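Novice: One structure is given below, represented as structure tokens, and several questions about it will come after.
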Amino acid sequence: MLSIENAVQTLKEKNIRLTPQRHELINILSKGNKHWTVEELYQLLNESMPSVSITTVYNNINLFCELGLVKEIQFGEALSKYEWKKEDHYHIVCSECGEMVDVWYPALKEVEVFAQSISKFDISSHNLQFYGTCSNCEQK
Ligand SMILES: [Zn+2]
Ligand SMILES: [Zn+2]
């Protein structure tokens with residue numbers, strides 16, 4: 001998993017200023033295995049930095065995605081969650097509440113090798129998501 005130090009280093013290399021907002025966002029995102037919406041990140045950041053706007057959060061998340069620090073996961077209609085960069089994995093998504101859980105499947109890269117072997121494509125990535133109901137929603 002990408003360390004905070006590496007992330008800070010990446011910003012430095014690209015001459016991007018490490019503003020307090022960016023630093024706090026990096027802190028939040030790099031902790032734990034969570035998948036965040038921009039709205040959730042904004043609310044959390046707002047507790048310590050009430051002056052930050054949701055647009056700033058949105059712009060910074062996009063910047064982090066471009067830099068490869070954060071990965072965007074699309075689900076539902078025009079809905080995205082964001083997570084700190086780590087090893088490639090799949091997601092199980094709750095259709096009720098949007099809760100997202102990571103799944104590591106050992107043969108993940110083999111799928112791409114197979115897809116490449118049966119086509120003349122140079123495969124760069126693939127996308128697979130599982131949908132269901134999480135245990136919290138199941139109990140309701
Ligand atoms: Zn749920
Ligand atoms: Zn994930």
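Residues in the structure tokens are named by chain (A, B, ... in the order shown) and by number from 1 within that chain; ligands are numbered from 1 in the order shown.
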For ligand 2, return the neighbouring residues as a list in words (distance at most 7 Å; only C-alpha atoms and all ligand atoms).

Specialist: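 Final answer, ordered by chain and number: Asn33, His35, Glu83, His89, Tyr90, His91, Val101 and Asp102 of chain A.
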
Novice: What's the 12 Å shell around Thr19 (chain A), counting only C-alpha atoms, without same-chain residues fewer than 3 positions away, as a list in words?

Specialist: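 Selected residues are Val8, Leu11, Lys12, Asn15, Ile16, Arg22, His23, Glu24, Leu25, Ile26, Val52, Thr56, Val57 and Asn60 of chain A.
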
Novice: Enumerate, in order of chain and increasing residue number, the residues of chain A with an atom no farther than 9 Å from ligand 1, each with its shortest atom pair and distance in Å to one decimal, counting only C-alpha atoms and all ligand atoms, as CSV.

Specialist:
```
residue,atom,partner,partner_atom_place_in_ligand_line,distance
A:Val93,CA,ligand 1,1 (Zn),8.1
A:Cys94,CA,ligand 1,1 (Zn),4.7
A:Ser95,CA,ligand 1,1 (Zn),6.6
A:Glu96,CA,ligand 1,1 (Zn),4.9
A:Cys97,CA,ligand 1,1 (Zn),4.1
A:Gly98,CA,ligand 1,1 (Zn),6.1
A:Glu99,CA,ligand 1,1 (Zn),5.5
A:Met100,CA,ligand 1,1 (Zn),8.6
A:Gly132,CA,ligand 1,1 (Zn),8.3
A:Thr133,CA,ligand 1,1 (Zn),5.5
A:Cys134,CA,ligand 1,1 (Zn),4.2
A:Ser135,CA,ligand 1,1 (Zn),6.7
A:Asn136,CA,ligand 1,1 (Zn),5.6
A:Cys137,CA,ligand 1,1 (Zn),4.4
A:Glu138,CA,ligand 1,1 (Zn),7.3
```

Novice: Smallest atom-to-atom distance to Ser51 (chain A): which of A:Glu13, A:Trp104, A:Pro20, A:Gln129, using only C-alpha atoms?

Specialist: A:Pro20

Novice: What residues in region 49-94 of chain A get the DSSP label helix (DSSP H, G or I)? Please answer as a list in words.

Specialist: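 Written out, the helix (DSSP H, G or I) residues of region 49-94 of chain A are Ile54, Thr55, Thr56, Val57, Tyr58, Asn59, Asn60, Ile61, Asn62, Leu63, Phe64, Cys65, Glu66 and Leu67 of chain A.
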
Novice: Convert the current residue selection to file output with N, CA and C atoms, as a PDB file, in the first residue's frame.

Specialist:
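out-v3.pdb, written as the output of this step:
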```pdb
ATOM      1  N   ILE A  54     -16.778  22.019  -0.838  1.00  0.00           N
ATOM      2  CA  ILE A  54     -16.869  20.695  -1.463  1.00  0.00           C
ATOM      3  C   ILE A  54     -16.171  20.694  -2.829  1.00  0.00           C
ATOM      4  N   THR A  55     -16.143  21.845  -3.476  1.00  0.00           N
ATOM      5  CA  THR A  55     -15.451  21.961  -4.771  1.00  0.00           C
ATOM      6  C   THR A  55     -13.957  21.722  -4.605  1.00  0.00           C
ATOM      7  N   THR A  56     -13.391  22.278  -3.524  1.00  0.00           N
ATOM      8  CA  THR A  56     -11.975  22.060  -3.235  1.00  0.00           C
ATOM      9  C   THR A  56     -11.696  20.577  -3.028  1.00  0.00           C
ATOM     10  N   VAL A  57     -12.570  19.924  -2.267  1.00  0.00           N
ATOM     11  CA  VAL A  57     -12.393  18.494  -2.014  1.00  0.00           C
ATOM     12  C   VAL A  57     -12.453  17.734  -3.339  1.00  0.00           C
ATOM     13  N   TYR A  58     -13.455  18.067  -4.136  1.00  0.00           N
ATOM     14  CA  TYR A  58     -13.642  17.418  -5.427  1.00  0.00           C
ATOM     15  C   TYR A  58     -12.410  17.601  -6.329  1.00  0.00           C
ATOM     16  N   ASN A  59     -11.922  18.832  -6.411  1.00  0.00           N
ATOM     17  CA  ASN A  59     -10.755  19.119  -7.249  1.00  0.00           C
ATOM     18  C   ASN A  59      -9.515  18.374  -6.773  1.00  0.00           C
ATOM     19  N   ASN A  60      -9.342  18.322  -5.453  1.00  0.00           N
ATOM     20  CA  ASN A  60      -8.175  17.633  -4.910  1.00  0.00           C
ATOM     21  C   ASN A  60      -8.238  16.129  -5.134  1.00  0.00           C
ATOM     22  N   ILE A  61      -9.443  15.564  -5.017  1.00  0.00           N
ATOM     23  CA  ILE A  61      -9.609  14.130  -5.272  1.00  0.00           C
ATOM     24  C   ILE A  61      -9.275  13.820  -6.728  1.00  0.00           C
ATOM     25  N   ASN A  62      -9.749  14.671  -7.626  1.00  0.00           N
ATOM     26  CA  ASN A  62      -9.426  14.486  -9.042  1.00  0.00           C
ATOM     27  C   ASN A  62      -7.930  14.569  -9.283  1.00  0.00           C
ATOM     28  N   LEU A  63      -7.298  15.519  -8.623  1.00  0.00           N
ATOM     29  CA  LEU A  63      -5.845  15.675  -8.721  1.00  0.00           C
ATOM     30  C   LEU A  63      -5.140  14.405  -8.233  1.00  0.00           C
ATOM     31  N   PHE A  64      -5.579  13.888  -7.078  1.00  0.00           N
ATOM     32  CA  PHE A  64      -4.977  12.673  -6.518  1.00  0.00           C
ATOM     33  C   PHE A  64      -5.159  11.488  -7.467  1.00  0.00           C
ATOM     34  N   CYS A  65      -6.311  11.431  -8.134  1.00  0.00           N
ATOM     35  CA  CYS A  65      -6.561  10.361  -9.112  1.00  0.00           C
ATOM     36  C   CYS A  65      -5.575  10.467 -10.266  1.00  0.00           C
ATOM     37  N   GLU A  66      -5.397  11.690 -10.767  1.00  0.00           N
ATOM     38  CA  GLU A  66      -4.464  11.913 -11.878  1.00  0.00           C
ATOM     39  C   GLU A  66      -3.052  11.516 -11.490  1.00  0.00           C
ATOM     40  N   LEU A  67      -2.688  11.776 -10.241  1.00  0.00           N
ATOM     41  CA  LEU A  67      -1.336  11.468  -9.757  1.00  0.00           C
ATOM     42  C   LEU A  67      -1.183   9.987  -9.414  1.00  0.00           C
TER      43      LEU A  67
END
```

Novice: Please return, as a count of residues only, all residues of chain A that DSSP assigns to strand (DSSP E) on the basis of the backbone.

Specialist: 25

Novice: What is the distance, in Å and to one decimal place, between CA of Leu79 (chain A) and CA of Thr37 (chain A)?

Specialist: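 So the answer is 8.2 Å.
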